[in-house]
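Structure data follow from final_10.txt (compact mmCIF, C-alpha atoms):
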# COMPACT_ATOMS: atom_id res chain seq x y z
CA MET A 3 157.83 142.79 87.49
CA ILE A 4 159.70 141.98 84.29
CA ARG A 5 156.84 139.69 83.25
CA SER A 6 154.22 142.21 84.38
CA ASN A 7 155.83 144.94 82.31
CA GLU A 8 155.94 142.61 79.33
CA LEU A 9 152.20 141.98 79.65
CA ASP A 10 151.57 145.70 80.05
CA ARG A 11 153.23 146.36 76.71
CA ILE A 12 150.94 143.85 75.02
CA ALA A 13 147.84 145.26 76.72
CA ILE A 14 148.73 148.86 75.89
CA GLU A 15 149.31 147.99 72.24
CA ASP A 16 145.90 146.27 72.11
CA MET A 17 144.22 149.24 73.80
CA LYS A 18 145.61 151.57 71.12
CA HIS A 19 143.62 149.60 68.57
CA THR A 20 140.48 148.72 70.54
CA SER A 21 140.08 152.38 71.54
CA LYS A 22 139.44 153.15 67.84
CA VAL A 23 136.40 150.86 67.74
CA ARG A 24 133.20 152.89 67.81
CA LEU A 25 131.15 152.24 70.95
CA GLY A 26 127.43 152.74 71.42
CA PHE A 27 128.15 154.56 74.68
CA SER A 28 130.65 157.03 73.18
CA ASP A 29 129.79 160.74 73.09
CA PHE A 30 130.01 160.57 69.30
CA SER A 31 127.42 157.78 69.05
CA ILE A 32 125.06 159.33 71.58
CA ASN A 33 125.16 162.74 69.88
CA LEU A 34 124.66 161.11 66.48
CA TYR A 35 121.69 159.20 67.81
CA GLU A 36 120.05 162.20 69.47
CA ASN A 37 120.46 164.41 66.40
CA THR A 38 118.90 161.92 63.98
CA LYS A 39 116.23 160.95 66.50
CA ASN A 40 115.16 164.58 66.91
CA LYS A 41 115.11 165.03 63.14
CA ILE A 42 112.80 162.03 62.76
CA LEU A 43 110.53 163.11 65.63
CA THR A 44 110.19 166.56 64.10
CA GLU A 45 109.51 165.18 60.62
CA LEU A 46 106.82 162.79 61.93
CA ASN A 47 105.41 165.22 64.50
CA ALA A 48 106.00 162.60 67.19
CA THR A 49 106.92 162.65 70.88
CA GLU A 50 109.47 160.98 73.13
CA GLN A 51 106.68 158.69 74.30
CA ASP A 52 106.03 157.67 70.70
CA TRP A 53 109.73 156.96 70.19
CA ASN A 54 109.85 154.57 73.16
CA ASN A 55 106.77 152.70 71.93
CA PRO A 56 107.76 149.56 69.94
CA LYS A 57 104.48 149.64 68.02
CA TRP A 58 105.19 153.21 66.89
CA GLN A 59 108.71 152.16 65.85
CA LEU A 60 107.36 149.30 63.75
CA LYS A 61 104.60 151.42 62.22
CA ASN A 62 107.15 154.04 61.18
CA ARG A 63 109.86 151.78 59.85
CA ILE A 64 111.84 153.32 57.02
CA SER A 65 111.16 151.04 54.09
CA SER A 66 111.52 153.05 50.87
CA VAL A 67 114.19 155.15 49.24
CA ASP A 68 111.92 158.20 49.43
CA GLU A 69 111.65 157.80 53.20
CA ILE A 70 115.44 157.61 53.45
CA SER A 71 115.65 160.81 51.39
CA ARG A 72 113.63 162.65 54.02
CA TYR A 73 116.59 162.40 56.39
CA VAL A 74 119.65 161.92 54.19
CA ASN A 75 120.94 163.63 51.07
CA LEU A 76 121.39 160.82 48.57
CA THR A 77 123.18 161.14 45.26
CA GLN A 78 121.17 160.15 42.20
CA GLU A 79 123.27 157.00 41.92
CA GLU A 80 122.62 156.07 45.56
CA TYR A 81 118.91 156.73 45.11
CA ASP A 82 118.72 154.59 41.97
CA ASP A 83 120.74 151.74 43.52
CA ILE A 84 118.59 151.53 46.64
CA GLU A 85 115.39 151.65 44.61
CA ARG A 86 116.65 148.94 42.27
CA VAL A 87 117.73 146.58 45.06
CA SER A 88 114.55 147.14 47.09
CA LYS A 89 112.48 145.85 44.18
CA GLU A 90 114.30 142.52 44.51
CA TYR A 91 114.82 142.39 48.27
CA ARG A 92 112.56 144.22 50.70
CA PHE A 93 114.13 146.36 53.40
CA ALA A 94 112.86 147.99 56.59
CA ILE A 95 114.73 149.88 59.32
CA THR A 96 113.32 150.99 62.66
CA PRO A 97 113.73 154.73 63.33
CA TYR A 98 115.79 153.70 66.37
CA TYR A 99 118.31 151.65 64.39
CA PHE A 100 118.36 154.22 61.57
CA SER A 101 119.40 156.83 64.15
CA LEU A 102 122.58 154.91 64.91
CA ILE A 103 123.94 155.34 61.36
CA ASP A 104 127.03 157.46 60.79
CA PHE A 105 126.34 158.73 57.28
CA ASP A 106 129.84 160.24 57.04
CA ASN A 107 131.31 156.74 57.18
CA PRO A 108 130.65 154.72 53.99
CA ASN A 109 131.43 151.53 55.94
CA CYS A 110 129.32 152.40 58.99
CA PRO A 111 128.50 148.99 60.54
CA ILE A 112 124.87 150.00 61.08
CA LYS A 113 124.43 151.23 57.52
CA MET A 114 126.14 148.15 56.07
CA GLN A 115 123.73 145.86 57.90
CA SER A 116 120.53 147.78 57.15
CA PHE A 117 120.83 149.69 53.83
CA PRO A 118 120.22 147.94 50.49
CA ASN A 119 123.49 147.62 48.59
CA ILE A 120 123.78 147.29 44.81
CA LYS A 121 126.18 144.38 45.42
CA GLU A 122 123.18 142.34 46.57
CA LEU A 123 122.30 141.90 42.89
CA CYS A 124 125.61 140.22 42.08
CA GLU A 125 125.58 136.55 41.11
CA GLY A 126 126.54 133.82 43.53
CA GLY A 127 125.25 132.17 46.65
CA GLN A 128 122.06 130.21 47.23
CA LEU A 129 118.64 131.12 48.59
CA ASP A 130 118.65 128.15 50.97
CA PRO A 131 122.23 126.87 51.44
CA MET A 132 121.26 125.31 54.79
CA ASN A 133 118.64 123.20 53.01
CA GLU A 134 116.01 124.26 55.55
CA GLU A 135 113.18 123.44 53.18
CA GLN A 136 114.32 119.81 53.20
CA SER A 137 114.97 119.79 56.96
CA ASN A 138 111.31 120.29 57.81
CA PRO A 139 109.55 117.12 59.00
CA SER A 140 106.35 118.92 60.04
CA GLY A 141 104.72 122.34 60.51
CA ARG A 142 107.33 125.10 60.48
CA ILE A 143 110.14 123.03 61.98
CA THR A 144 113.79 122.96 60.98
CA ARG A 145 115.63 119.94 62.36
CA ARG A 146 119.37 119.35 61.94
CA TYR A 147 120.33 117.64 65.19
CA PRO A 148 119.14 114.58 67.13
CA ASN A 149 117.75 116.27 70.25
CA LYS A 150 116.92 119.86 69.32
CA LEU A 151 115.00 121.72 66.64
CA ILE A 152 113.71 125.11 65.50
CA ILE A 153 110.16 126.41 65.13
CA ASN A 154 110.05 129.34 62.68
CA VAL A 155 107.07 131.33 63.95
CA THR A 156 107.25 134.43 61.72
CA ASN A 157 109.03 136.02 58.76
CA ALA A 158 108.82 139.47 60.39
CA CYS A 159 111.77 141.40 61.85
CA PRO A 160 112.11 144.96 63.16
CA MET A 161 114.97 145.48 60.69
CA TYR A 162 115.78 143.22 57.74
CA CYS A 163 119.49 142.53 57.99
CA ARG A 164 121.17 142.58 54.61
CA HIS A 165 123.09 139.42 55.54
CA CYS A 166 119.92 137.55 56.59
CA GLN A 167 120.13 133.77 56.17
CA ARG A 168 116.38 133.57 55.54
CA ARG A 169 115.94 136.45 53.11
CA ARG A 170 114.06 134.03 50.86
CA LEU A 171 111.20 134.16 53.42
CA ILE A 172 110.97 137.93 53.81
CA GLY A 173 108.61 138.34 50.87
CA ASN A 174 106.57 141.52 50.46
CA PHE A 175 104.74 141.57 53.78
CA ASP A 176 105.04 140.37 57.37
CA LYS A 177 103.26 137.16 58.28
CA HIS A 178 103.19 135.14 61.50
CA ILE A 179 102.78 131.36 61.50
CA SER A 180 99.17 130.16 61.48
CA LYS A 181 97.59 128.36 64.44
CA GLU A 182 97.57 125.22 62.32
CA GLY A 183 101.30 125.57 61.71
CA ILE A 184 101.98 125.98 65.44
CA ASP A 185 99.73 123.03 66.32
CA GLU A 186 101.42 120.78 63.78
CA SER A 187 104.89 121.81 64.95
CA ILE A 188 104.16 121.24 68.63
CA GLU A 189 102.39 117.94 67.95
CA PHE A 190 105.54 116.71 66.22
CA ILE A 191 107.58 117.60 69.32
CA GLU A 192 105.03 115.92 71.60
CA ASN A 193 105.33 112.73 69.57
CA ASN A 194 109.15 112.69 69.49
CA GLU A 195 110.70 112.05 72.89
CA THR A 196 114.19 112.60 71.52
CA ILE A 197 113.60 116.37 71.43
CA ARG A 198 114.82 118.08 74.61
CA GLU A 199 115.49 121.62 73.34
CA VAL A 200 113.33 123.91 71.21
CA LEU A 201 114.40 127.23 69.66
CA VAL A 202 111.50 129.54 68.81
CA THR A 203 112.70 131.91 66.10
CA GLY A 204 111.79 133.37 62.71
CA GLY A 205 112.16 136.11 61.52
CA ASP A 206 112.18 137.59 64.98
CA ALA A 207 110.08 135.64 67.44
CA LEU A 208 109.66 138.63 69.75
CA LEU A 209 107.51 140.35 67.15
CA LEU A 210 104.74 138.02 68.26
CA SER A 211 102.52 139.44 70.99
CA ASN A 212 103.06 138.35 74.58
CA ASN A 213 99.76 136.48 74.40
CA GLN A 214 100.87 134.56 71.29
CA LEU A 215 104.23 133.77 72.88
CA GLU A 216 102.68 132.53 76.09
CA LYS A 217 100.47 130.08 74.23
CA ILE A 218 103.56 128.60 72.56
CA PHE A 219 105.66 128.57 75.74
CA TYR A 220 102.87 127.02 77.79
CA ARG A 221 102.35 124.16 75.36
CA LEU A 222 106.07 123.48 75.11
CA SER A 223 106.42 123.60 78.91
CA GLN A 224 103.79 120.86 79.22
CA ILE A 225 105.90 118.40 77.19
CA SER A 226 107.82 116.33 79.75
CA HIS A 227 110.84 115.64 77.54
CA VAL A 228 111.39 119.30 76.58
CA ASP A 229 113.98 120.63 79.05
CA VAL A 230 114.99 123.88 77.37
CA ILE A 231 113.07 126.60 75.53
CA ARG A 232 115.09 129.26 73.75
CA ILE A 233 114.03 132.25 71.70
CA GLY A 234 115.97 133.84 68.83
CA THR A 235 115.70 137.62 68.57
CA ARG A 236 117.48 140.72 67.32
CA VAL A 237 115.09 143.19 68.96
CA ILE A 238 117.68 144.07 71.62
CA PRO A 239 119.98 145.84 69.13
CA THR A 240 117.27 146.92 66.65
CA LEU A 241 114.12 147.53 68.74
CA PRO A 242 115.13 147.54 72.43
CA PHE A 243 111.83 149.14 73.50
CA ARG A 244 110.14 145.77 72.89
CA ILE A 245 111.83 144.49 76.06
CA ASP A 246 109.73 145.56 79.05
CA GLU A 247 108.73 144.26 82.48
CA GLU A 248 105.77 142.28 81.18
CA LEU A 249 107.85 140.44 78.59
CA ALA A 250 110.69 139.77 81.05
CA VAL A 251 108.25 138.27 83.56
CA LEU A 252 106.78 136.07 80.82
CA LEU A 253 110.19 134.76 79.76
CA ARG A 254 111.18 134.13 83.38
CA LYS A 255 107.88 132.28 84.01
CA TYR A 256 108.75 129.68 81.37
CA LYS A 257 112.54 129.83 81.96
CA VAL A 258 113.09 130.90 78.35
CA GLN A 259 116.70 131.53 77.35
CA VAL A 260 117.48 134.33 74.89
CA SER A 261 119.81 134.17 71.89
CA THR A 262 120.46 137.56 70.29
CA GLN A 263 122.81 139.05 67.69
CA PHE A 264 125.09 142.02 68.29
CA ASN A 265 127.65 142.29 65.49
CA HIS A 266 129.44 145.48 66.51
CA ALA A 267 130.14 147.42 69.69
CA CYS A 268 128.31 150.48 68.31
CA GLU A 269 125.05 148.50 68.57
CA ILE A 270 125.53 148.21 72.35
CA THR A 271 123.83 151.49 73.24
CA PRO A 272 122.28 152.79 76.49
CA GLU A 273 118.86 151.74 75.15
CA ALA A 274 120.11 148.23 74.32
CA VAL A 275 121.72 147.87 77.73
CA ARG A 276 118.50 148.92 79.42
CA ALA A 277 116.83 146.02 77.60
CA ILE A 278 119.65 143.65 78.57
CA ASP A 279 119.38 144.72 82.22
CA MET A 280 115.63 144.13 82.15
CA LEU A 281 116.18 140.55 81.03
CA VAL A 282 119.22 139.65 83.11
CA ASP A 283 117.80 141.22 86.28
CA HIS A 284 114.86 138.85 85.87
CA GLY A 285 117.26 135.91 85.77
CA ILE A 286 117.10 135.34 82.01
CA LEU A 287 120.19 133.95 80.31
CA VAL A 288 121.20 136.09 77.30
CA ARG A 289 123.76 134.80 74.80
CA ASN A 290 125.12 136.48 71.70
CA GLN A 291 125.56 134.96 68.25
CA MET A 292 127.75 137.31 66.23
CA VAL A 293 128.04 136.95 62.46
CA LEU A 294 131.48 137.71 61.01
CA LEU A 295 130.88 140.20 58.19
CA HIS A 296 133.29 141.92 55.80
CA ASN A 297 133.57 145.68 56.42
CA VAL A 298 131.36 145.35 59.50
CA ASN A 299 133.39 143.50 62.10
CA ASP A 300 136.08 141.42 60.34
CA ASP A 301 138.80 142.95 62.49
CA LYS A 302 140.39 141.27 65.49
CA TYR A 303 140.24 144.39 67.65
CA CYS A 304 136.61 145.04 66.73
CA VAL A 305 135.62 141.49 67.70
CA GLN A 306 137.65 141.73 70.91
CA LYS A 307 136.08 145.03 71.96
CA THR A 308 132.55 143.98 71.00
CA ASN A 309 132.76 140.82 73.07
CA GLU A 310 134.33 142.66 75.99
CA GLU A 311 131.45 145.14 75.91
CA LEU A 312 128.98 142.24 75.85
CA GLN A 313 130.65 140.65 78.86
CA LYS A 314 130.65 144.01 80.62
CA TYR A 315 126.86 144.17 80.29
CA ARG A 316 126.29 140.51 81.22
CA VAL A 317 125.72 139.00 77.78
CA ILE A 318 127.61 135.76 77.04
CA PRO A 319 129.53 135.74 73.71
CA TYR A 320 128.36 132.33 72.45
CA TYR A 321 129.01 131.95 68.71
CA MET A 322 130.87 133.79 65.99
CA PHE A 323 129.29 132.51 62.78
CA HIS A 324 131.25 132.37 59.55
CA PRO A 325 128.91 134.09 57.04
CA LYS A 326 126.67 131.71 55.12
CA GLU A 327 126.79 131.83 51.33
CA ILE A 328 123.33 133.33 50.90
CA LYS A 329 122.29 134.72 47.53
CA GLY A 330 122.81 138.48 47.56
CA THR A 331 125.33 138.51 50.42
CA ASN A 332 128.66 137.78 48.70
CA HIS A 333 129.98 141.22 49.65
CA PHE A 334 129.86 140.16 53.32
CA GLN A 335 132.03 137.09 52.79
CA VAL A 336 135.36 136.76 54.62
CA SER A 337 138.01 134.07 54.46
CA ILE A 338 138.13 131.34 57.08
CA ASP A 339 141.78 132.32 57.60
CA LYS A 340 140.59 135.76 58.70
CA GLY A 341 138.23 134.21 61.23
CA LEU A 342 140.96 131.93 62.55
CA GLU A 343 143.32 134.91 62.85
CA ILE A 344 140.71 136.70 64.96
CA MET A 345 140.25 133.68 67.23
CA LYS A 346 144.02 133.31 67.61
CA HIS A 347 144.25 136.96 68.61
CA LEU A 348 141.64 136.50 71.35
CA GLU A 349 143.71 133.74 72.99
CA GLY A 350 145.24 135.18 76.14
CA ARG A 351 144.47 138.77 75.17
CA THR A 352 140.99 138.83 76.61
CA SER A 353 138.95 136.92 79.15
CA GLY A 354 137.87 133.39 78.34
CA MET A 355 134.32 134.69 78.93
CA CYS A 356 134.82 136.95 75.88
CA LYS A 357 135.71 134.17 73.47
CA PRO A 358 132.87 132.82 71.33
CA THR A 359 133.07 129.54 69.44
CA TYR A 360 133.86 130.22 65.79
CA VAL A 361 131.63 127.98 63.67
CA TYR A 362 131.09 127.17 60.02
CA ASN A 363 127.66 125.91 58.98
CA SER A 364 127.92 122.86 56.76
CA PRO A 365 126.06 123.11 53.45
CA GLY A 366 122.89 121.09 53.14
CA GLY A 367 121.95 121.53 56.79
CA LEU A 368 124.56 119.10 58.13
CA GLY A 369 125.24 121.22 61.20
CA LYS A 370 127.86 123.49 62.73
CA ILE A 371 131.58 122.76 62.62
CA PRO A 372 133.69 124.48 65.31
CA LEU A 373 136.76 126.12 63.75
CA VAL A 374 139.92 126.57 65.81
CA PRO A 375 143.31 128.16 65.06
CA ILE A 376 146.39 125.99 64.51
CA GLN A 377 146.58 123.22 67.04
CA ASN A 378 148.06 124.17 70.40
CA ILE A 379 149.19 120.61 71.10
CA GLU A 380 151.37 118.17 69.16
CA HIS A 381 152.58 114.66 69.90
CA GLU A 382 156.32 114.35 70.47
CA LYS A 383 158.38 111.21 71.08
CA GLU A 384 158.81 112.10 74.73
CA GLY A 385 155.44 113.69 75.39
CA TYR A 386 153.22 116.58 74.29
CA LYS A 387 154.43 119.84 72.83
CA PHE A 388 152.22 122.79 73.82
CA THR A 389 152.07 126.25 72.21
CA THR A 390 150.86 129.20 74.32
CA TRP A 391 148.92 132.24 73.15
CA GLU A 392 152.27 134.05 72.72
CA ASN A 393 153.57 131.21 70.52
CA LYS A 394 155.94 130.08 73.27
CA THR A 395 156.40 126.30 73.46
CA PHE A 396 157.12 123.71 76.12
CA VAL A 397 157.03 119.92 76.36
CA LYS A 398 155.20 117.85 78.93
CA LYS A 399 156.78 114.43 79.09
CA PHE A 400 154.79 111.21 79.29

Now that the file is in, can you turn its structure into structure tokens?
Amino acid sequence: MIRSNELDRIAIEDMKHTSKVRLGFSDFSINLYENTKNKILTELNATEQDWNNPKWQLKNRISSVDEISRYVNLTQEEYDDIERVSKEYRFAITPYYFSLIDFDNPNCPIKMQSFPNIKELCEGGQLDPMNEEQSNPSGRITRRYPNKLIINVTNACPMYCRHCQRRRLIGNFDKHISKEGIDESIEFIENNETIREVLVTGGDALLLSNNQLEKIFYRLSQISHVDVIRIGTRVIPTLPFRIDEELAVLLRKYKVQVSTQFNHACEITPEAVRAIDMLVDHGILVRNQMVLLHNVNDDKYCVQKTNEELQKYRVIPYYMFHPKEIKGTNHFQVSIDKGLEIMKHLEGRTSGMCKPTYVYNSPGGLGKIPLVPIQNIEHEKEGYKFTTWENKTFVKKF
């Protein structure tokens, strides 16, 4: 009981902090969402049925400062800043994701990820730090590892994240890969027996039609040495209505695994969980790849709560990416020490199922490097010295 009480004190202290993290299921978030949603529906003379239609959401994306001004009172400085940035870097926000913004919070995680920020025009960073343009042997492939590769099938996304690693490809309009590009990419895979895993991504691969996706999945499934097909998508947090029975059946048919990106617990809404349930109930593996972002989620309690919420709704926390040094994203940068502090905090304080692998992407496309806190094991003369999550030590003798 002494030990149990000691653990209770730790848990209660953590709960004091994690309870302050905004959740997508909180009354505050749901009321915020409903109020903005109704405002948008009234302004556009639309219905609930329209709102739940992914094509309507895409058609009515908010993509200019004047459209933002229809729903939010901007200062002249805010208006000018957004207009200035949008001339350099395009933006688009689905009405759904826009409705999650808390405009009373200048550091609202949703707003930070979706609204153009004047800091995007600051110097620093590179357009292609991962050297993807030089990692392309054929078609629209990116290859960094011996037995897996990426096919980039589109530059389109429901919402253009301000921290996007491929913002150089966004351009001024949405464009899917051509049939020739797909053919060339798949022919390369057919002719290289070393490739066992293919990630279909973009942009957001789920903005292709089901018919377009099936053609790609079918051809990949016919290659004997391809064991795994994955798809990269952010529609679950930004356009959850895209996930329906027909799509889930298609993904299950070809045993496609899903990699998504939730960066904050407030993105895990009832609508997003409905989409998750649709996928998981059809036997589809869903993993999350969080990006560590300054003023969005660079807080140990935020990361803990977000990953606990993901586990709760049957999504596997897979990676926590250190932010890449992309041109226009310096304001999202955090120190590696901060990331290591977060990972150290997760040790012992949450389930092992809630601990992603913290990774740094090597410049030049040299691959991911797992980052871990200070070593938990040291060599001693008589054996190994271990350090527990509470910084208690013991020695195991040889």

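Distances to Gln115 of chain A were evaluated for A:Glu134, A:Asp29, A:Glu269, A:Glu327 using only C-alpha atoms, and the minimum falls at A:Glu269.
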
Query raised in the report: When you draw a straight line from atom CA of Asn332 of chain A to atom CA of Ser31 of chain A, how long is it in Å?
Result: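 Pair atom CA of Asn332 of chain A / atom CA of Ser31 of chain A returns 28.6 Å.
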
Report task. Anything within 9 Å of (113.3, 119.8, 63.4): list those residues as JSON, numbers by chain, counting all atoms listed in the file and sticking to the file's coordinates. Result -> {"A": [137, 138, 139, 140, 142, 143, 144, 145, 146, 147, 148, 149, 150, 151, 152, 153, 187, 190, 191, 197, 200]}

Query raised in the report: Could you work out how far atom CA of Lys302 of chain A lies from atom CA of Ala13 of chain A, giving the answer in Å with one decimal?
Result: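 The value is 14.1 Å.
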
Report task. With a distance cut-off of 8 Å and all atoms listed in the file, select the neighbouring residues of Lys113 of chain A, excluding the residue or stretch itself and same-chain residues fewer than 4 positions from it, and output the selection as a list of chain:residue names. Result ->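 Counting only the stated atoms, we get A:Phe100, A:Ile103, A:Asp104, A:Phe105, A:Pro108, A:Asn109, A:Phe117.
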
Query raised in the report: Can you list, as an MDAnalysis selection string, every protein, DNA or RNA residue that comes within 6 Å of Phe388 of chain A when you count all atoms listed in the file, leaving out same-chain residues fewer than 2 positions away?
Result: chainID A and resid 378:379 395:396

Could you write those residues out with C-alpha atoms, as a short mmCIF file (atom, residue, chain, number, x, y, z; two decimals), keeping the file's coordinate frame?
data_model
loop_
_atom_site.label_atom_id
_atom_site.label_comp_id
_atom_site.auth_asym_id
_atom_site.auth_seq_id
_atom_site.Cartn_x
_atom_site.Cartn_y
_atom_site.Cartn_z
CA ASN A 378 148.06 124.17 70.40
CA ILE A 379 149.19 120.61 71.10
CA THR A 395 156.40 126.30 73.46
CA PHE A 396 157.12 123.71 76.12
#

Requested in this report: Please measure the separation of atom CA of Gly234 of chain A and atom CA of Arg198 of chain A, giving the value in Å to one decimal.
Outcome: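 Those two atoms sit 16.8 Å apart.
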
Report task. Could you give me, as an MDAnalysis selection string, the residues within 8 Å of segment 90-92 of chain A, counting only C-alpha atoms and dropping anything in the same chain fewer than 3 positions from it? Result -> chainID A and resid 65 86:87 162 169 172:174

Query raised in the report: Residues at most 10 Å from Thr389 of chain A, counting only C-alpha atoms, excluding those fewer than 2 positions away in the same chain, as JSON, numbers by chain?
Result: {"A": [376, 377, 378, 379, 380, 386, 387, 391, 392, 393, 394, 395, 396, 397]}

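Here the residues that fall within 9 Å of (113.8, 143.4, 68.2), using all atoms listed in the file, are given as A:Pro56, A:Cys159, A:Pro160, A:Met161, A:Asp206, A:Ala207, A:Leu208, A:Leu209, A:Thr235, A:Arg236, A:Val237, A:Ile238, A:Pro239, A:Thr240, A:Leu241, A:Pro242, A:Phe243, A:Arg244, A:Ile245.
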
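Nearest to Lys39 of chain A of all the residues A:Thr196, A:Gln78, A:Ser101, A:Ser223 is A:Ser101, based on all atoms listed in the file.
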
Query raised in the report: Which polymer residues have any atom within 9 Å of an atom of segment 336-349 of chain A, counting all atoms listed in the file, with same-chain residues fewer than 5 positions away left out, as a PyMOL selection string?
Result: chain A and resi 294-296+300-303+305-306+322+324-325+354+356-360+362+373-376+390-392
